[in-house]
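Source file: start.tsv. Holds: TSV, C-alpha atoms.
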```
chain	number	residue	atom	x	y	z
A	1	ASP	CA	13.75	8.87	-16.44
A	2	SER	CA	13.64	5.35	-14.99
A	3	GLY	CA	12.45	3.75	-18.22
A	4	VAL	CA	9.22	2.54	-16.57
A	5	THR	CA	6.10	4.10	-18.07
A	6	GLN	CA	2.77	4.35	-16.33
A	7	THR	CA	-0.49	5.60	-17.73
A	8	PRO	CA	-2.57	7.51	-17.00
A	9	LYS	CA	-0.78	9.97	-14.73
A	10	HIS	CA	-4.00	11.13	-13.14
A	11	LEU	CA	-7.38	9.49	-12.84
A	12	ILE	CA	-10.54	10.75	-11.18
A	13	THR	CA	-13.48	8.41	-10.90
A	14	ALA	CA	-16.58	7.82	-8.81
A	15	THR	CA	-17.13	5.26	-6.09
A	16	GLY	CA	-18.25	1.89	-7.36
A	17	GLN	CA	-16.48	2.27	-10.68
A	18	ARG	CA	-13.68	0.18	-12.19
A	19	VAL	CA	-10.39	1.45	-13.58
A	20	THR	CA	-7.34	-0.04	-15.26
A	21	LEU	CA	-3.83	1.23	-14.68
A	22	ARG	CA	-1.13	0.37	-17.16
A	23	CYS	CA	2.59	-0.14	-16.79
A	24	SER	CA	5.34	-0.73	-19.33
A	25	PRO	CA	8.53	-2.00	-17.67
A	26	ARG	CA	12.06	-1.10	-18.66
A	27	SER	CA	13.27	-2.87	-21.75
A	28	GLY	CA	14.56	-6.29	-20.75
A	29	ASP	CA	12.98	-6.34	-17.29
A	30	LEU	CA	10.87	-9.43	-16.68
A	31	SER	CA	9.51	-8.56	-13.24
A	32	VAL	CA	6.80	-6.04	-12.56
A	33	TYR	CA	5.71	-4.94	-9.09
A	34	TRP	CA	2.70	-2.89	-8.11
A	35	TYR	CA	2.65	-0.66	-5.04
A	36	GLN	CA	0.02	1.53	-3.46
A	37	GLN	CA	1.02	4.68	-1.61
A	38	SER	CA	-1.48	6.54	0.49
A	39	LEU	CA	-0.75	9.40	2.85
A	40	ASP	CA	-1.03	7.43	6.05
A	41	GLN	CA	0.22	4.03	4.95
A	42	GLY	CA	3.39	4.58	3.00
A	43	LEU	CA	4.30	2.30	0.12
A	44	GLN	CA	2.43	-1.00	0.25
A	45	PHE	CA	3.43	-3.93	-1.93
A	46	LEU	CA	0.44	-5.28	-3.84
A	47	ILE	CA	1.58	-7.91	-6.30
A	48	GLN	CA	4.46	-9.10	-8.47
A	49	TYR	CA	4.50	-10.70	-11.90
A	50	TYR	CA	7.47	-12.38	-13.50
A	51	ASN	CA	7.51	-13.18	-17.20
A	52	GLY	CA	3.75	-13.31	-17.36
A	53	GLU	CA	3.06	-15.28	-14.21
A	54	GLU	CA	2.07	-14.14	-10.75
A	55	ARG	CA	5.09	-14.49	-8.45
A	56	ALA	CA	4.10	-12.95	-5.14
A	57	LYS	CA	1.14	-11.32	-3.48
A	58	GLY	CA	1.20	-8.66	-0.82
A	59	ASN	CA	-1.62	-6.63	0.67
A	60	ILE	CA	-3.82	-6.73	-2.39
A	61	LEU	CA	-7.58	-6.55	-1.94
A	62	GLU	CA	-9.85	-9.06	-3.65
A	63	ARG	CA	-11.40	-6.15	-5.58
A	64	PHE	CA	-8.00	-5.61	-7.20
A	65	SER	CA	-6.39	-7.82	-9.80
A	66	ALA	CA	-3.45	-7.64	-12.14
A	67	GLN	CA	-1.94	-9.39	-15.10
A	68	GLN	CA	1.20	-9.31	-17.18
A	69	PHE	CA	0.93	-9.75	-20.92
A	70	PRO	CA	3.28	-11.52	-23.36
A	71	ASP	CA	4.89	-8.20	-24.25
A	72	LEU	CA	5.59	-7.83	-20.49
A	73	HIS	CA	3.43	-4.79	-19.91
A	74	SER	CA	1.16	-5.08	-16.91
A	75	GLU	CA	-2.25	-3.84	-15.94
A	76	LEU	CA	-3.71	-3.32	-12.48
A	77	ASN	CA	-7.49	-3.50	-12.35
A	78	LEU	CA	-9.30	-1.83	-9.47
A	79	SER	CA	-13.03	-2.47	-9.14
A	80	SER	CA	-15.89	-1.41	-6.87
A	81	LEU	CA	-13.80	1.59	-5.98
A	82	GLU	CA	-14.08	3.16	-2.56
A	83	LEU	CA	-12.97	6.54	-1.29
A	84	GLY	CA	-10.14	4.86	0.59
A	85	ASP	CA	-8.65	3.57	-2.65
A	86	SER	CA	-7.53	7.08	-3.50
A	87	ALA	CA	-3.74	6.85	-3.62
A	88	LEU	CA	-0.67	6.90	-5.79
A	89	TYR	CA	-0.17	3.59	-7.55
A	90	PHE	CA	3.39	2.82	-8.55
A	91	CYS	CA	4.71	0.20	-10.85
A	92	ALA	CA	8.32	-0.92	-10.60
A	93	SER	CA	10.35	-3.31	-12.69
A	94	SER	CA	13.53	-5.27	-12.29
A	95	VAL	CA	15.47	-7.77	-14.34
A	96	GLU	CA	15.30	-10.78	-12.10
A	97	GLY	CA	12.30	-12.55	-10.69
A	98	THR	CA	13.62	-13.06	-7.23
A	99	GLY	CA	13.06	-9.54	-6.08
A	100	PRO	CA	14.97	-6.31	-6.33
A	101	LEU	CA	18.49	-7.46	-5.45
A	102	GLU	CA	21.85	-5.76	-5.53
A	103	ASN	CA	22.35	-5.40	-9.23
A	104	THR	CA	18.71	-5.65	-10.07
A	105	GLU	CA	17.26	-2.78	-8.11
A	106	ALA	CA	13.66	-1.89	-8.72
A	107	PHE	CA	13.06	1.07	-10.99
A	108	PHE	CA	9.85	2.93	-10.34
A	109	GLY	CA	7.50	4.59	-12.77
A	110	GLN	CA	6.12	8.06	-12.06
A	111	GLY	CA	2.91	6.63	-10.70
A	112	THR	CA	-0.79	7.03	-11.35
A	113	ARG	CA	-2.63	9.31	-8.96
A	114	LEU	CA	-6.10	7.88	-8.45
A	115	THR	CA	-8.77	10.03	-6.88
A	116	VAL	CA	-12.09	8.40	-6.02
A	117	VAL	CA	-14.89	10.87	-5.42
B	1	GLY	CA	5.90	-10.68	8.86
B	2	GLN	CA	8.03	-7.59	8.81
B	3	ASN	CA	8.01	-4.38	10.79
B	4	ILE	CA	10.04	-1.29	9.95
B	5	ASP	CA	10.42	1.80	12.09
B	6	GLN	CA	11.98	5.10	11.12
B	7	PRO	CA	11.44	8.64	12.39
B	8	THR	CA	8.59	10.49	10.78
B	9	GLU	CA	10.39	13.77	10.28
B	10	MET	CA	13.85	15.29	10.71
B	11	THR	CA	15.26	18.74	10.16
B	12	ALA	CA	18.86	19.58	9.26
B	13	THR	CA	20.88	22.51	8.04
B	14	GLU	CA	22.37	22.98	4.59
B	15	GLY	CA	25.99	21.83	4.52
B	16	ALA	CA	25.61	19.68	7.62
B	17	ILE	CA	25.42	15.92	8.12
B	18	VAL	CA	22.29	13.96	9.04
B	19	GLN	CA	21.75	10.34	10.01
B	20	ILE	CA	18.40	8.67	9.41
B	21	ASN	CA	17.88	5.51	11.41
B	22	CYS	CA	15.82	2.47	10.55
B	23	THR	CA	15.08	-0.50	12.78
B	24	TYR	CA	13.34	-3.61	11.62
B	25	GLN	CA	12.03	-7.00	12.64
B	26	THR	CA	11.76	-9.73	10.06
B	27	SER	CA	11.63	-13.50	9.80
B	28	GLY	CA	13.81	-13.55	6.69
B	29	PHE	CA	16.43	-11.18	5.34
B	30	ASN	CA	17.69	-10.75	1.79
B	31	GLY	CA	18.77	-7.15	1.90
B	32	LEU	CA	17.94	-3.63	2.99
B	33	PHE	CA	17.39	-0.75	0.60
B	34	TRP	CA	17.20	3.00	0.95
B	35	TYR	CA	15.15	5.01	-1.50
B	36	GLN	CA	14.67	8.75	-1.87
B	37	GLN	CA	11.28	10.12	-2.80
B	38	HIS	CA	10.40	13.72	-3.55
B	39	ALA	CA	6.77	14.63	-2.98
B	40	GLY	CA	4.51	13.21	-5.68
B	41	GLU	CA	7.39	11.58	-7.52
B	42	ALA	CA	8.68	8.06	-7.91
B	43	PRO	CA	11.08	6.58	-5.35
B	44	THR	CA	14.65	6.42	-6.61
B	45	PHE	CA	17.25	3.92	-5.45
B	46	LEU	CA	19.99	5.19	-3.15
B	47	SER	CA	21.71	2.20	-1.61
B	48	TYR	CA	21.60	-1.48	-0.82
B	49	ASN	CA	23.08	-3.46	2.08
B	50	VAL	CA	23.09	-7.20	2.41
B	51	LEU	CA	26.16	-7.65	4.63
B	52	ASP	CA	27.01	-5.86	7.86
B	53	GLY	CA	28.99	-2.68	7.52
B	54	LEU	CA	29.10	0.59	5.71
B	55	GLU	CA	28.47	1.17	2.02
B	56	GLU	CA	29.59	4.56	0.74
B	57	LYS	CA	28.34	6.25	-2.38
B	58	GLY	CA	29.41	9.84	-2.75
B	59	ARG	CA	27.57	12.02	-0.24
B	60	PHE	CA	25.40	9.09	0.84
B	61	SER	CA	26.42	6.14	3.03
B	62	SER	CA	24.35	3.34	4.44
B	63	PHE	CA	25.14	1.08	7.36
B	64	LEU	CA	23.68	-2.27	8.34
B	65	SER	CA	23.80	-4.41	11.45
B	66	ARG	CA	21.80	-7.57	10.86
B	67	SER	CA	22.18	-8.83	14.43
B	68	LYS	CA	20.66	-5.61	15.75
B	69	GLY	CA	18.04	-5.21	13.01
B	70	TYR	CA	19.37	-1.72	12.41
B	71	SER	CA	20.39	0.44	9.50
B	72	TYR	CA	21.11	4.08	8.95
B	73	LEU	CA	21.46	6.40	6.01
B	74	LEU	CA	24.07	9.12	6.36
B	75	LEU	CA	23.83	12.19	4.19
B	76	LYS	CA	26.80	14.57	4.10
B	77	GLU	CA	27.21	18.12	2.80
B	78	LEU	CA	23.47	18.53	2.75
B	79	GLN	CA	21.93	20.45	-0.11
B	80	MET	CA	18.48	22.01	-0.35
B	81	LYS	CA	17.57	19.44	-3.00
B	82	ASP	CA	18.04	16.69	-0.40
B	83	SER	CA	14.72	17.73	1.12
B	84	ALA	CA	12.66	14.61	0.49
B	85	SER	CA	11.35	11.48	2.12
B	86	TYR	CA	13.82	8.68	2.72
B	87	LEU	CA	12.37	5.20	2.67
B	88	CYS	CA	13.94	2.22	4.34
B	89	ALA	CA	12.86	-0.98	2.59
B	90	LEU	CA	13.36	-4.60	3.49
B	91	HIS	CA	13.65	-7.50	1.14
B	92	SER	CA	12.79	-10.50	3.17
B	93	GLY	CA	12.68	-12.96	0.31
B	94	GLY	CA	10.70	-16.12	0.65
B	95	GLY	CA	7.25	-16.08	-0.84
B	96	ALA	CA	6.85	-12.32	-1.00
B	97	ASP	CA	9.41	-10.85	-3.33
B	98	GLY	CA	8.22	-7.31	-3.12
B	99	LEU	CA	10.02	-4.88	-0.91
B	100	THR	CA	8.44	-3.95	2.42
B	101	PHE	CA	8.77	-0.22	2.91
B	102	GLY	CA	8.84	1.81	6.06
B	103	LYS	CA	6.62	4.87	6.16
B	104	GLY	CA	9.56	7.07	5.36
B	105	THR	CA	11.39	9.90	7.05
B	106	HIS	CA	10.55	13.36	5.78
B	107	LEU	CA	13.81	15.33	5.81
B	108	ILE	CA	13.60	19.11	5.81
B	109	ILE	CA	16.75	21.05	4.93
B	110	GLN	CA	16.97	24.59	6.25
B	111	PRO	CA	19.32	27.27	4.92
```

Write-out of the structure in structure tokens:
Amino acid sequence: DSGVTQTPKHLITATGQRVTLRCSPRSGDLSVYWYQQSLDQGLQFLIQYYNGEERAKGNILERFSAQQFPDLHSELNLSSLELGDSALYFCASSVEGTGPLENTEAFFGQGTRLTVV
Amino acid sequence: GQNIDQPTEMTATEGAIVQINCTYQTSGFNGLFWYQQHAGEAPTFLSYNVLDGLEEKGRFSSFLSRSKGYSYLLLKELQMKDSASYLCALHSGGGADGLTFGKGTHLIIQP
């Protein structure tokens, strides 16, 4: 158990809908990262938050947004869903805000499997 | 930007040794990670290299050559449970703090 909790584990929804994925980081970790993993693309970095503020953006679509709350949990909002958004969405956390470094490796949650039908 | 290449799939025999290579191109470099991922599960950290050379951790070792943009993960005394995907990931630093992952190498262990 990495200490990172993601809910829900599975989500099935229709095209055009909006969903919210939730992540609770490890106790004491200030940084939260979101990744998307589809079969043909591998793990894609979406966005990072550090202590409530957006720190870095990767390949995140405009239909997607995220936030980190004062209690450090984070939510990833996906809207106007398309079939191609079906993927595993991972959250990871680390202590520092400068990225997963030597003694602050990223710990991954078990992921949310999103299926858009 | 960054680009990471690693073989898509490899097969090895239980008890043997396997080397998984990773080559990369990047404009900045803050470290290279290897993660293991079993199907449908979360990636788990295996190793980290920031300086050239070999880092050994039990049955797993990782090597880095920054001048060549090259790393490898060496797995010894292979066990059936080592069947998984092995992800090479680059931390380039700068404005994007997230790791850039390769597509992973699917390692199949045969008896």

* Have a look at atom CA of A:Val4 and atom CA of B:Ile4 and let me know their distance in Å, one decimal. => 26.8 Å

* Using only C-alpha atoms, find which residues of chain B lie within 10 Å of chain A and jot them down as a VMD selection string. => chain B and resid 30 to 33 40 to 50 87 89 91 to 104

Take the residues from that selection and put them in a file with C-alpha atoms, as a PDB file, keeping the file's coordinate frame.
```pdb
ATOM      1  CA  ASN B  30      17.690 -10.750   1.790  1.00  0.00           C
ATOM      2  CA  GLY B  31      18.770  -7.150   1.900  1.00  0.00           C
ATOM      3  CA  LEU B  32      17.940  -3.630   2.990  1.00  0.00           C
ATOM      4  CA  PHE B  33      17.390  -0.750   0.600  1.00  0.00           C
ATOM      5  CA  GLY B  40       4.510  13.210  -5.680  1.00  0.00           C
ATOM      6  CA  GLU B  41       7.390  11.580  -7.520  1.00  0.00           C
ATOM      7  CA  ALA B  42       8.680   8.060  -7.910  1.00  0.00           C
ATOM      8  CA  PRO B  43      11.080   6.580  -5.350  1.00  0.00           C
ATOM      9  CA  THR B  44      14.650   6.420  -6.610  1.00  0.00           C
ATOM     10  CA  PHE B  45      17.250   3.920  -5.450  1.00  0.00           C
ATOM     11  CA  LEU B  46      19.990   5.190  -3.150  1.00  0.00           C
ATOM     12  CA  SER B  47      21.710   2.200  -1.610  1.00  0.00           C
ATOM     13  CA  TYR B  48      21.600  -1.480  -0.820  1.00  0.00           C
ATOM     14  CA  ASN B  49      23.080  -3.460   2.080  1.00  0.00           C
ATOM     15  CA  VAL B  50      23.090  -7.200   2.410  1.00  0.00           C
ATOM     16  CA  LEU B  87      12.370   5.200   2.670  1.00  0.00           C
ATOM     17  CA  ALA B  89      12.860  -0.980   2.590  1.00  0.00           C
ATOM     18  CA  HIS B  91      13.650  -7.500   1.140  1.00  0.00           C
ATOM     19  CA  SER B  92      12.790 -10.500   3.170  1.00  0.00           C
ATOM     20  CA  GLY B  93      12.680 -12.960   0.310  1.00  0.00           C
ATOM     21  CA  GLY B  94      10.700 -16.120   0.650  1.00  0.00           C
ATOM     22  CA  GLY B  95       7.250 -16.080  -0.840  1.00  0.00           C
ATOM     23  CA  ALA B  96       6.850 -12.320  -1.000  1.00  0.00           C
ATOM     24  CA  ASP B  97       9.410 -10.850  -3.330  1.00  0.00           C
ATOM     25  CA  GLY B  98       8.220  -7.310  -3.120  1.00  0.00           C
ATOM     26  CA  LEU B  99      10.020  -4.880  -0.910  1.00  0.00           C
ATOM     27  CA  THR B 100       8.440  -3.950   2.420  1.00  0.00           C
ATOM     28  CA  PHE B 101       8.770  -0.220   2.910  1.00  0.00           C
ATOM     29  CA  GLY B 102       8.840   1.810   6.060  1.00  0.00           C
ATOM     30  CA  LYS B 103       6.620   4.870   6.160  1.00  0.00           C
ATOM     31  CA  GLY B 104       9.560   7.070   5.360  1.00  0.00           C
TER      32      GLY B 104
END
```

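Non-sequential neighbours of A:His73 (distance at most 8 Å, separation of 6 or more positions within a chain, all atoms listed in the file) are Arg22, Cys23, Ser24 and Pro25 of chain A.
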
* **For B:Leu51: contacts at 8 Å, only C-alpha atoms, fewer than 3 positions along chain excluded, given as a list in words** =>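 In the requested format, the answer is Gly31, Leu64, Ser65 and Arg66 of chain B.
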
* Asked: To one decimal place, how far is atom CA of A:Leu83 from atom CA of A:Val117 in Å?
  ->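 Computed distance, atom CA of A:Leu83 to atom CA of A:Val117, equals 6.3 Å.
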
Centre and edge lengths of an axis-aligned box around all listed atoms of stretch 23-37 of chain A, with 3 Å added on each side, are to be given in Å to one decimal, as AutoDock Vina command-line options.
```
--center_x 7.3 --center_y -2.4 --center_z -11.7 --size_x 20.5 --size_y 20.1 --size_z 26.1
```

* Asked: Which value, in Å to one decimal, gives the distance between atom CA of A:Glu82 and atom CA of A:Glu53?
  ->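 Atom CA of A:Glu53 lies at a distance of 27.7 Å from atom CA of A:Glu82.
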
As a CSV table (one decimal), keeping the file's coordinate frame, please: stretch 47-71 of chain A completed to N, CA and C atoms.
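Written file, selection08.csv:
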```
chain,number,residue,atom,x,y,z
A,47,ILE,N,1.4,-6.7,-5.5
A,47,ILE,CA,1.6,-7.9,-6.3
A,47,ILE,C,2.8,-7.8,-7.2
A,48,GLN,N,3.3,-9.0,-7.5
A,48,GLN,CA,4.5,-9.1,-8.5
A,48,GLN,C,4.2,-10.1,-9.6
A,49,TYR,N,4.5,-9.8,-10.8
A,49,TYR,CA,4.5,-10.7,-11.9
A,49,TYR,C,5.9,-10.9,-12.4
A,50,TYR,N,6.2,-12.1,-12.9
A,50,TYR,CA,7.5,-12.4,-13.5
A,50,TYR,C,7.2,-13.1,-14.8
A,51,ASN,N,7.6,-12.5,-15.9
A,51,ASN,CA,7.5,-13.2,-17.2
A,51,ASN,C,6.1,-13.7,-17.5
A,52,GLY,N,5.1,-13.0,-17.1
A,52,GLY,CA,3.8,-13.3,-17.4
A,52,GLY,C,3.0,-14.1,-16.3
A,53,GLU,N,3.7,-14.5,-15.3
A,53,GLU,CA,3.1,-15.3,-14.2
A,53,GLU,C,3.1,-14.5,-12.9
A,54,GLU,N,2.1,-14.7,-12.1
A,54,GLU,CA,2.1,-14.1,-10.8
A,54,GLU,C,3.2,-14.8,-9.9
A,55,ARG,N,4.0,-14.0,-9.3
A,55,ARG,CA,5.1,-14.5,-8.4
A,55,ARG,C,4.9,-14.3,-7.0
A,56,ALA,N,4.3,-13.2,-6.6
A,56,ALA,CA,4.1,-13.0,-5.1
A,56,ALA,C,2.9,-12.0,-4.9
A,57,LYS,N,2.3,-12.2,-3.8
A,57,LYS,CA,1.1,-11.3,-3.5
A,57,LYS,C,1.4,-10.7,-2.1
A,58,GLY,N,1.1,-9.4,-2.1
A,58,GLY,CA,1.2,-8.7,-0.8
A,58,GLY,C,-0.2,-8.3,-0.3
A,59,ASN,N,-0.4,-7.1,0.1
A,59,ASN,CA,-1.6,-6.6,0.7
A,59,ASN,C,-2.6,-6.2,-0.4
A,60,ILE,N,-2.9,-7.1,-1.3
A,60,ILE,CA,-3.8,-6.7,-2.4
A,60,ILE,C,-5.2,-7.2,-2.1
A,61,LEU,N,-6.2,-6.2,-2.2
A,61,LEU,CA,-7.6,-6.6,-1.9
A,61,LEU,C,-8.2,-7.5,-3.0
A,62,GLU,N,-9.2,-8.2,-2.7
A,62,GLU,CA,-9.8,-9.1,-3.6
A,62,GLU,C,-10.5,-8.3,-4.8
A,63,ARG,N,-10.8,-7.0,-4.5
A,63,ARG,CA,-11.4,-6.2,-5.6
A,63,ARG,C,-10.4,-5.7,-6.6
A,64,PHE,N,-9.1,-6.0,-6.3
A,64,PHE,CA,-8.0,-5.6,-7.2
A,64,PHE,C,-7.5,-6.9,-7.9
A,65,SER,N,-7.0,-6.7,-9.1
A,65,SER,CA,-6.4,-7.8,-9.8
A,65,SER,C,-5.4,-7.3,-10.8
A,66,ALA,N,-4.5,-8.1,-11.2
A,66,ALA,CA,-3.4,-7.6,-12.1
A,66,ALA,C,-3.1,-8.8,-13.1
A,67,GLN,N,-2.5,-8.4,-14.2
A,67,GLN,CA,-1.9,-9.4,-15.1
A,67,GLN,C,-0.8,-8.8,-15.8
A,68,GLN,N,0.1,-9.7,-16.4
A,68,GLN,CA,1.2,-9.3,-17.2
A,68,GLN,C,1.1,-10.0,-18.5
A,69,PHE,N,1.2,-9.3,-19.6
A,69,PHE,CA,0.9,-9.8,-20.9
A,69,PHE,C,2.2,-10.3,-21.6
A,70,PRO,N,2.1,-11.0,-22.7
A,70,PRO,CA,3.3,-11.5,-23.4
A,70,PRO,C,4.3,-10.5,-23.7
A,71,ASP,N,3.9,-9.2,-24.0
A,71,ASP,CA,4.9,-8.2,-24.2
A,71,ASP,C,5.5,-7.6,-23.0
```
